[in-house]
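Visitor: Hey, dropping data20.txt in here, compact mmCIF, N, CA and C atoms:
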# COMPACT_ATOMS: atom_id res chain seq x y z
N GLN A 1 -1.60 -81.42 72.18
CA GLN A 1 -0.55 -82.00 73.01
C GLN A 1 0.74 -81.23 72.81
N VAL A 2 1.31 -80.78 73.91
CA VAL A 2 2.53 -79.99 73.85
C VAL A 2 3.73 -80.90 73.60
N GLN A 3 4.59 -80.45 72.71
CA GLN A 3 5.85 -81.16 72.47
C GLN A 3 6.98 -80.15 72.42
N LEU A 4 8.02 -80.41 73.20
CA LEU A 4 9.21 -79.58 73.21
C LEU A 4 10.39 -80.45 72.78
N VAL A 5 11.12 -79.98 71.80
CA VAL A 5 12.26 -80.74 71.28
C VAL A 5 13.52 -79.89 71.41
N GLU A 6 14.39 -80.31 72.31
CA GLU A 6 15.66 -79.61 72.52
C GLU A 6 16.74 -80.19 71.61
N SER A 7 17.64 -79.32 71.16
CA SER A 7 18.75 -79.76 70.31
C SER A 7 19.92 -78.82 70.48
N GLY A 8 21.07 -79.23 69.93
CA GLY A 8 22.24 -78.36 69.94
C GLY A 8 23.31 -78.73 70.94
N GLY A 9 23.04 -79.72 71.76
CA GLY A 9 24.04 -80.15 72.74
C GLY A 9 25.19 -80.89 72.09
N GLY A 10 26.17 -81.21 72.91
CA GLY A 10 27.32 -81.95 72.40
C GLY A 10 28.48 -81.88 73.36
N LEU A 11 29.63 -82.32 72.86
CA LEU A 11 30.87 -82.29 73.63
C LEU A 11 31.67 -81.06 73.22
N VAL A 12 32.09 -80.28 74.21
CA VAL A 12 32.84 -79.05 73.94
C VAL A 12 33.94 -78.92 74.98
N GLN A 13 35.04 -78.30 74.59
CA GLN A 13 36.14 -78.08 75.52
C GLN A 13 35.83 -76.91 76.45
N PRO A 14 36.43 -76.90 77.60
CA PRO A 14 36.26 -75.73 78.50
C PRO A 14 36.61 -74.44 77.76
N GLY A 15 35.78 -73.45 77.98
CA GLY A 15 35.94 -72.17 77.29
C GLY A 15 35.20 -72.09 75.98
N GLY A 16 34.65 -73.19 75.52
CA GLY A 16 33.93 -73.22 74.26
C GLY A 16 32.50 -72.73 74.37
N SER A 17 31.79 -72.82 73.24
CA SER A 17 30.42 -72.32 73.16
C SER A 17 29.50 -73.35 72.51
N LEU A 18 28.25 -73.25 72.87
CA LEU A 18 27.19 -74.02 72.24
C LEU A 18 25.93 -73.18 72.20
N ARG A 19 25.10 -73.45 71.22
CA ARG A 19 23.79 -72.79 71.15
C ARG A 19 22.71 -73.87 71.15
N LEU A 20 21.89 -73.85 72.18
CA LEU A 20 20.80 -74.79 72.29
C LEU A 20 19.53 -74.20 71.71
N SER A 21 18.71 -75.08 71.15
CA SER A 21 17.42 -74.66 70.61
C SER A 21 16.33 -75.53 71.21
N CYS A 22 15.16 -74.96 71.33
CA CYS A 22 14.00 -75.70 71.81
C CYS A 22 12.81 -75.32 70.95
N ALA A 23 12.36 -76.27 70.16
CA ALA A 23 11.22 -76.04 69.28
C ALA A 23 9.96 -76.53 69.96
N ALA A 24 8.97 -75.66 70.02
CA ALA A 24 7.72 -75.98 70.72
C ALA A 24 6.58 -76.13 69.73
N SER A 25 5.68 -77.05 70.04
CA SER A 25 4.46 -77.21 69.26
C SER A 25 3.33 -77.56 70.22
N GLY A 26 2.13 -77.26 69.78
CA GLY A 26 0.95 -77.58 70.59
C GLY A 26 0.70 -76.63 71.74
N THR A 27 1.30 -75.46 71.67
CA THR A 27 1.10 -74.47 72.72
C THR A 27 1.09 -73.08 72.11
N THR A 28 0.45 -72.16 72.78
CA THR A 28 0.47 -70.77 72.32
C THR A 28 1.79 -70.15 72.76
N PHE A 29 2.82 -70.41 71.99
CA PHE A 29 4.20 -70.11 72.35
C PHE A 29 4.40 -68.67 72.82
N SER A 30 3.85 -67.74 72.10
CA SER A 30 4.13 -66.32 72.39
C SER A 30 3.52 -65.85 73.70
N SER A 31 2.59 -66.59 74.25
CA SER A 31 1.93 -66.16 75.49
C SER A 31 2.49 -66.86 76.73
N VAL A 32 3.59 -67.57 76.55
CA VAL A 32 4.20 -68.34 77.63
C VAL A 32 5.56 -67.77 78.01
N ASP A 33 5.80 -67.66 79.32
CA ASP A 33 7.17 -67.40 79.78
C ASP A 33 7.93 -68.72 79.70
N TRP A 34 9.16 -68.66 79.19
CA TRP A 34 9.94 -69.87 78.99
C TRP A 34 11.20 -69.87 79.84
N GLY A 35 11.68 -71.08 80.10
CA GLY A 35 12.90 -71.22 80.87
C GLY A 35 13.76 -72.35 80.36
N TRP A 36 15.03 -72.25 80.61
CA TRP A 36 15.97 -73.35 80.41
C TRP A 36 16.35 -73.88 81.78
N TYR A 37 16.41 -75.19 81.86
CA TYR A 37 16.73 -75.89 83.10
C TYR A 37 17.84 -76.89 82.78
N ARG A 38 18.51 -77.39 83.82
CA ARG A 38 19.51 -78.41 83.59
C ARG A 38 19.55 -79.37 84.77
N GLN A 39 20.01 -80.57 84.47
CA GLN A 39 20.17 -81.58 85.51
C GLN A 39 21.50 -82.29 85.31
N ALA A 40 22.37 -82.11 86.26
CA ALA A 40 23.67 -82.78 86.25
C ALA A 40 23.55 -84.16 86.90
N PRO A 41 24.45 -85.06 86.60
CA PRO A 41 24.39 -86.41 87.19
C PRO A 41 24.37 -86.35 88.70
N GLY A 42 23.41 -87.04 89.30
CA GLY A 42 23.32 -87.11 90.75
C GLY A 42 22.76 -85.87 91.42
N LYS A 43 22.30 -84.91 90.62
CA LYS A 43 21.77 -83.66 91.19
C LYS A 43 20.34 -83.43 90.75
N GLN A 44 19.67 -82.55 91.45
CA GLN A 44 18.31 -82.18 91.08
C GLN A 44 18.32 -81.23 89.89
N ARG A 45 17.23 -81.26 89.15
CA ARG A 45 17.10 -80.32 88.05
C ARG A 45 17.02 -78.89 88.61
N GLU A 46 17.68 -77.96 87.92
CA GLU A 46 17.71 -76.58 88.40
C GLU A 46 17.42 -75.62 87.26
N LEU A 47 16.91 -74.47 87.63
CA LEU A 47 16.63 -73.41 86.67
C LEU A 47 17.92 -72.72 86.27
N VAL A 48 18.03 -72.37 85.01
CA VAL A 48 19.22 -71.68 84.50
C VAL A 48 18.89 -70.25 84.06
N ALA A 49 17.83 -70.10 83.30
CA ALA A 49 17.49 -68.78 82.76
C ALA A 49 16.02 -68.77 82.37
N THR A 50 15.44 -67.58 82.36
CA THR A 50 14.05 -67.42 81.93
C THR A 50 13.92 -66.22 81.00
N ILE A 51 12.88 -66.27 80.18
CA ILE A 51 12.56 -65.14 79.33
C ILE A 51 11.05 -65.00 79.32
N SER A 52 10.59 -63.80 79.59
CA SER A 52 9.15 -63.57 79.69
C SER A 52 8.54 -63.25 78.33
N THR A 53 7.22 -63.10 78.32
CA THR A 53 6.53 -62.78 77.08
C THR A 53 6.94 -61.42 76.54
N ASN A 54 7.38 -60.52 77.42
CA ASN A 54 7.85 -59.22 76.94
C ASN A 54 9.38 -59.16 76.87
N PHE A 55 10.01 -60.34 76.81
CA PHE A 55 11.44 -60.47 76.56
C PHE A 55 12.31 -60.02 77.74
N ASN A 56 11.75 -60.00 78.92
CA ASN A 56 12.55 -59.74 80.10
C ASN A 56 13.32 -61.02 80.45
N ARG A 57 14.62 -60.89 80.61
CA ARG A 57 15.49 -62.04 80.85
C ARG A 57 16.01 -62.07 82.29
N GLN A 58 16.07 -63.25 82.85
CA GLN A 58 16.62 -63.44 84.18
C GLN A 58 17.56 -64.65 84.15
N TYR A 59 18.64 -64.55 84.92
CA TYR A 59 19.64 -65.63 84.96
C TYR A 59 20.00 -65.97 86.40
N VAL A 60 20.34 -67.24 86.61
CA VAL A 60 20.89 -67.58 87.91
C VAL A 60 22.34 -67.12 87.95
N ASP A 61 22.85 -66.93 89.14
CA ASP A 61 24.17 -66.30 89.29
C ASP A 61 25.28 -67.05 88.57
N PHE A 62 25.21 -68.37 88.56
CA PHE A 62 26.34 -69.12 88.03
C PHE A 62 26.42 -69.10 86.50
N VAL A 63 25.47 -68.49 85.81
CA VAL A 63 25.58 -68.38 84.36
C VAL A 63 25.56 -66.93 83.89
N LYS A 64 25.37 -66.00 84.80
CA LYS A 64 25.33 -64.59 84.41
C LYS A 64 26.61 -64.18 83.70
N GLY A 65 26.43 -63.48 82.60
CA GLY A 65 27.57 -63.02 81.82
C GLY A 65 28.11 -64.05 80.85
N ARG A 66 27.63 -65.29 80.95
CA ARG A 66 28.11 -66.35 80.06
C ARG A 66 27.01 -66.88 79.15
N PHE A 67 25.78 -66.97 79.66
CA PHE A 67 24.66 -67.54 78.91
C PHE A 67 23.70 -66.42 78.52
N THR A 68 23.05 -66.60 77.37
CA THR A 68 22.03 -65.66 76.91
C THR A 68 20.82 -66.44 76.42
N ILE A 69 19.67 -66.13 76.99
CA ILE A 69 18.42 -66.76 76.55
C ILE A 69 17.72 -65.82 75.58
N SER A 70 17.09 -66.40 74.57
CA SER A 70 16.34 -65.59 73.62
C SER A 70 15.17 -66.42 73.10
N ARG A 71 14.26 -65.74 72.40
CA ARG A 71 13.09 -66.42 71.86
C ARG A 71 12.74 -65.84 70.51
N ASP A 72 12.17 -66.69 69.67
CA ASP A 72 11.69 -66.27 68.36
C ASP A 72 10.25 -66.74 68.27
N ASN A 73 9.32 -65.83 68.49
CA ASN A 73 7.91 -66.21 68.51
C ASN A 73 7.42 -66.67 67.14
N ALA A 74 8.04 -66.16 66.09
CA ALA A 74 7.63 -66.57 64.74
C ALA A 74 8.00 -68.02 64.46
N LYS A 75 9.04 -68.49 65.13
CA LYS A 75 9.50 -69.87 64.92
C LYS A 75 9.13 -70.80 66.07
N ASN A 76 8.43 -70.26 67.06
CA ASN A 76 8.07 -71.06 68.25
C ASN A 76 9.29 -71.74 68.86
N THR A 77 10.37 -70.97 68.97
CA THR A 77 11.64 -71.54 69.42
C THR A 77 12.28 -70.64 70.48
N VAL A 78 12.83 -71.27 71.48
CA VAL A 78 13.60 -70.56 72.50
C VAL A 78 15.04 -71.08 72.42
N TYR A 79 15.99 -70.19 72.63
CA TYR A 79 17.40 -70.50 72.47
C TYR A 79 18.17 -70.25 73.77
N LEU A 80 19.31 -70.93 73.88
CA LEU A 80 20.24 -70.65 74.97
C LEU A 80 21.64 -70.63 74.38
N GLN A 81 22.22 -69.45 74.29
CA GLN A 81 23.60 -69.30 73.85
C GLN A 81 24.49 -69.43 75.07
N MET A 82 25.40 -70.38 75.00
CA MET A 82 26.26 -70.66 76.15
C MET A 82 27.72 -70.43 75.75
N ASN A 83 28.36 -69.48 76.40
CA ASN A 83 29.76 -69.16 76.14
C ASN A 83 30.59 -69.44 77.39
N SER A 84 31.89 -69.48 77.19
CA SER A 84 32.82 -69.70 78.31
C SER A 84 32.39 -70.89 79.16
N LEU A 85 32.10 -71.97 78.51
CA LEU A 85 31.59 -73.15 79.22
C LEU A 85 32.62 -73.74 80.15
N LYS A 86 32.13 -74.26 81.26
CA LYS A 86 32.97 -74.86 82.30
C LYS A 86 32.59 -76.32 82.48
N PRO A 87 33.48 -77.13 83.00
CA PRO A 87 33.12 -78.54 83.25
C PRO A 87 31.87 -78.69 84.12
N GLU A 88 31.68 -77.77 85.05
CA GLU A 88 30.50 -77.84 85.93
C GLU A 88 29.20 -77.51 85.21
N ASP A 89 29.27 -77.07 83.95
CA ASP A 89 28.07 -76.86 83.15
C ASP A 89 27.58 -78.16 82.52
N THR A 90 28.34 -79.23 82.67
CA THR A 90 27.93 -80.51 82.12
C THR A 90 26.61 -80.97 82.73
N ALA A 91 25.63 -81.24 81.87
CA ALA A 91 24.28 -81.60 82.33
C ALA A 91 23.41 -81.89 81.12
N VAL A 92 22.23 -82.41 81.40
CA VAL A 92 21.19 -82.46 80.38
C VAL A 92 20.38 -81.17 80.52
N TYR A 93 20.23 -80.48 79.41
CA TYR A 93 19.52 -79.19 79.39
C TYR A 93 18.12 -79.37 78.81
N TYR A 94 17.15 -78.77 79.48
CA TYR A 94 15.75 -78.86 79.10
C TYR A 94 15.15 -77.46 78.98
N CYS A 95 14.18 -77.33 78.12
CA CYS A 95 13.37 -76.13 78.15
C CYS A 95 12.00 -76.51 78.70
N ASN A 96 11.32 -75.53 79.23
CA ASN A 96 9.98 -75.72 79.78
C ASN A 96 9.40 -74.34 79.99
N ALA A 97 8.14 -74.32 80.26
CA ALA A 97 7.52 -73.06 80.66
C ALA A 97 8.13 -72.64 82.00
N PHE A 98 7.93 -71.36 82.34
CA PHE A 98 8.32 -70.88 83.65
C PHE A 98 7.12 -70.22 84.31
N PRO A 99 6.72 -70.73 85.46
CA PRO A 99 7.20 -71.93 86.14
C PRO A 99 6.98 -73.19 85.30
N SER A 100 7.74 -74.21 85.58
CA SER A 100 7.68 -75.43 84.77
C SER A 100 6.36 -76.17 84.94
N LEU A 101 6.00 -76.88 83.88
CA LEU A 101 4.81 -77.71 83.86
C LEU A 101 5.23 -79.15 83.61
N THR A 102 4.71 -80.06 84.40
CA THR A 102 5.14 -81.47 84.31
C THR A 102 4.95 -82.03 82.91
N ARG A 103 3.84 -81.69 82.29
CA ARG A 103 3.53 -82.27 80.99
C ARG A 103 4.39 -81.69 79.86
N TYR A 104 5.18 -80.66 80.16
CA TYR A 104 6.00 -80.03 79.12
C TYR A 104 7.41 -80.63 79.02
N TRP A 105 7.83 -81.43 79.98
CA TRP A 105 9.22 -81.90 79.94
C TRP A 105 9.48 -82.76 78.71
N GLY A 106 10.56 -82.44 78.00
CA GLY A 106 10.99 -83.23 76.85
C GLY A 106 12.17 -84.10 77.22
N GLN A 107 12.89 -84.54 76.20
CA GLN A 107 14.02 -85.44 76.41
C GLN A 107 15.29 -84.71 76.80
N GLY A 108 15.35 -83.44 76.52
CA GLY A 108 16.55 -82.69 76.84
C GLY A 108 17.66 -82.92 75.84
N THR A 109 18.73 -82.15 76.01
CA THR A 109 19.91 -82.30 75.17
C THR A 109 21.14 -82.31 76.06
N GLN A 110 22.03 -83.26 75.83
CA GLN A 110 23.20 -83.45 76.68
C GLN A 110 24.29 -82.46 76.30
N VAL A 111 24.81 -81.77 77.30
CA VAL A 111 25.96 -80.90 77.14
C VAL A 111 27.08 -81.45 78.01
N THR A 112 28.22 -81.71 77.39
CA THR A 112 29.37 -82.22 78.12
C THR A 112 30.55 -81.30 77.86
N VAL A 113 31.10 -80.76 78.94
CA VAL A 113 32.24 -79.85 78.84
C VAL A 113 33.45 -80.58 79.42
N SER A 114 34.37 -80.90 78.55
CA SER A 114 35.52 -81.69 78.98
C SER A 114 36.66 -81.53 77.98
N SER A 115 37.86 -81.59 78.50
CA SER A 115 39.04 -81.54 77.63
C SER A 115 39.50 -82.97 77.29
Let me see the structure of the file written as structure tokens.
Guide:
Amino acid sequence: QVQLVESGGGLVQPGGSLRLSCAASGTTFSSVDWGWYRQAPGKQRELVATISTNFNRQYVDFVKGRFTISRDNAKNTVYLQMNSLKPEDTAVYYCNAFPSLTRYWGQGTQVTVSS
């Protein structure tokens, strides 16, 4: 049974940084393309960034230059470094495979950007 546990969220001021982590178990982590997704209040969940098995990274336009996705196959963990945070980045952040799998969704971690 796959379990994904996101952590690292919190309250941060505009312009601040956070590093999210997603620890995976019950899956062959190194053979999966991973993604970070987010869902803001009243909005649909959206893709933020992906990292492939060969470490190729892709970002949506609104986070390019600010967010960095990475993975540590030895630790079965995927990370999202978020810099220059904006109020519009406020959301619950989730990790999942890419493309996402319904059974992989975890609880997510709340990120709130506010002064």
Visitor: As an exercise, work out the distance from atom C of Thr68 in chain A to CA of Cys22 in chain A in Å and give it to one decimal place.
Guide: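 Distance reported for this atom pair: 12.4 Å.
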Visitor: Mind pulling up the distance from atom N of Cys95 in chain A to atom C of Ser21 in chain A?
Guide: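 Result for atom C of Ser21 in chain A versus atom N of Cys95 in chain A: 7.5 Å, one decimal.
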Visitor: Nearest residue to Ala97 in chain A out of A:Thr50, A:Gln1, A:Ser115, A:Thr77, using all atoms listed in the file?
Guide: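 Of all the options, A:Thr50 lies closest to Ala97 in chain A.
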Visitor: Using DSSP on the backbone, list every residue of range 24-108 of chain A that comes out as strand (DSSP E), and give them as a PyMOL selection string.
Guide: chain A and resi 24-25+34-39+46-51+57-59+67-72+77-82+91-97
Visitor: Dig up all the protein and nucleic acid residues within 7 Å of (9.0, -78.7, 74.0) in the file frame, using only C-alpha atoms, and format them as a list in words.
Guide: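 Neighbouring residues, ordered by chain and number, come to Val2, Gln3, Leu4, Val5, Glu6, Cys22, Ala23, Ala24, Ser25, Cys95, Asn96, Tyr104, Trp105 and Gly106 of chain A.
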Visitor: What does the structure give for the distance between atom C of Val32 in chain A and CA of Glu46 in chain A, in Å to one decimal?
Guide: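 These two atoms are separated by 18.3 Å.
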Visitor: Name all residues at most 6.5 Å from range 84-87 of chain A (count only N, CA and C atoms; drop same-chain ones fewer than 6 positions away) and give them as number ranges by chain.
Guide: A: 13-17, 66, 113-114
Visitor: Out of chain A, which residues get helix (DSSP H, G or I) from DSSP, as a ChimeraX atom specification?
Guide: /A:29-31,61-63,87-89,102-104
Visitor: Could you list, as a list in words, every residue within 5 Å of Arg38 in chain A, counting all atoms listed in the file and ignoring same-chain residues fewer than 3 positions away?
Guide: Arg45, Glu46, Val92, Tyr93 and Tyr94 of chain A
Visitor: So which one's closest to Asn83 in chain A, A:Asp61, A:Lys43, A:Arg71, A:Leu18? Using all atoms listed in the file, please.
Guide: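 Smallest distance to Asn83 in chain A is found for A:Leu18.
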Visitor: Using only N, CA and C atoms, which protein or nucleic acid residues come within 8 Å of Val60 in chain A? Drop anything in the same chain fewer than 4 positions from it, and give the result as a count of residues only.
Guide: 6
Visitor: Give the centre and edge lengths of an axis-aligned box, in Å to one decimal, that holds all listed atoms of range 23-28 of chain A with 4 Å on each side, as AutoDock Vina command-line options.
Guide:
--center_x 6.4 --center_y -73.9 --center_z 71.0 --size_x 19.9 --size_y 15.4 --size_z 11.5
Visitor: Anything within 8 Å of (22.4, -82.6, 71.2): list those residues as a list in words, counting only N, CA and C atoms and sticking to the file's coordinates.
Guide: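 So the residues meeting the distance criterion are Glu6, Ser7, Gly8, Gly9, Gly10, Leu11, Gly108, Thr109, Gln110 and Val111 of chain A.
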Visitor: So which one's closest to Asn54 in chain A, A:Thr90, A:Thr112, A:Ser30, A:Gln107? Using only N, CA and C atoms, please.
Guide: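 Among A:Thr90, A:Thr112, A:Ser30, A:Gln107, it is A:Ser30 that comes nearest to Asn54 in chain A.
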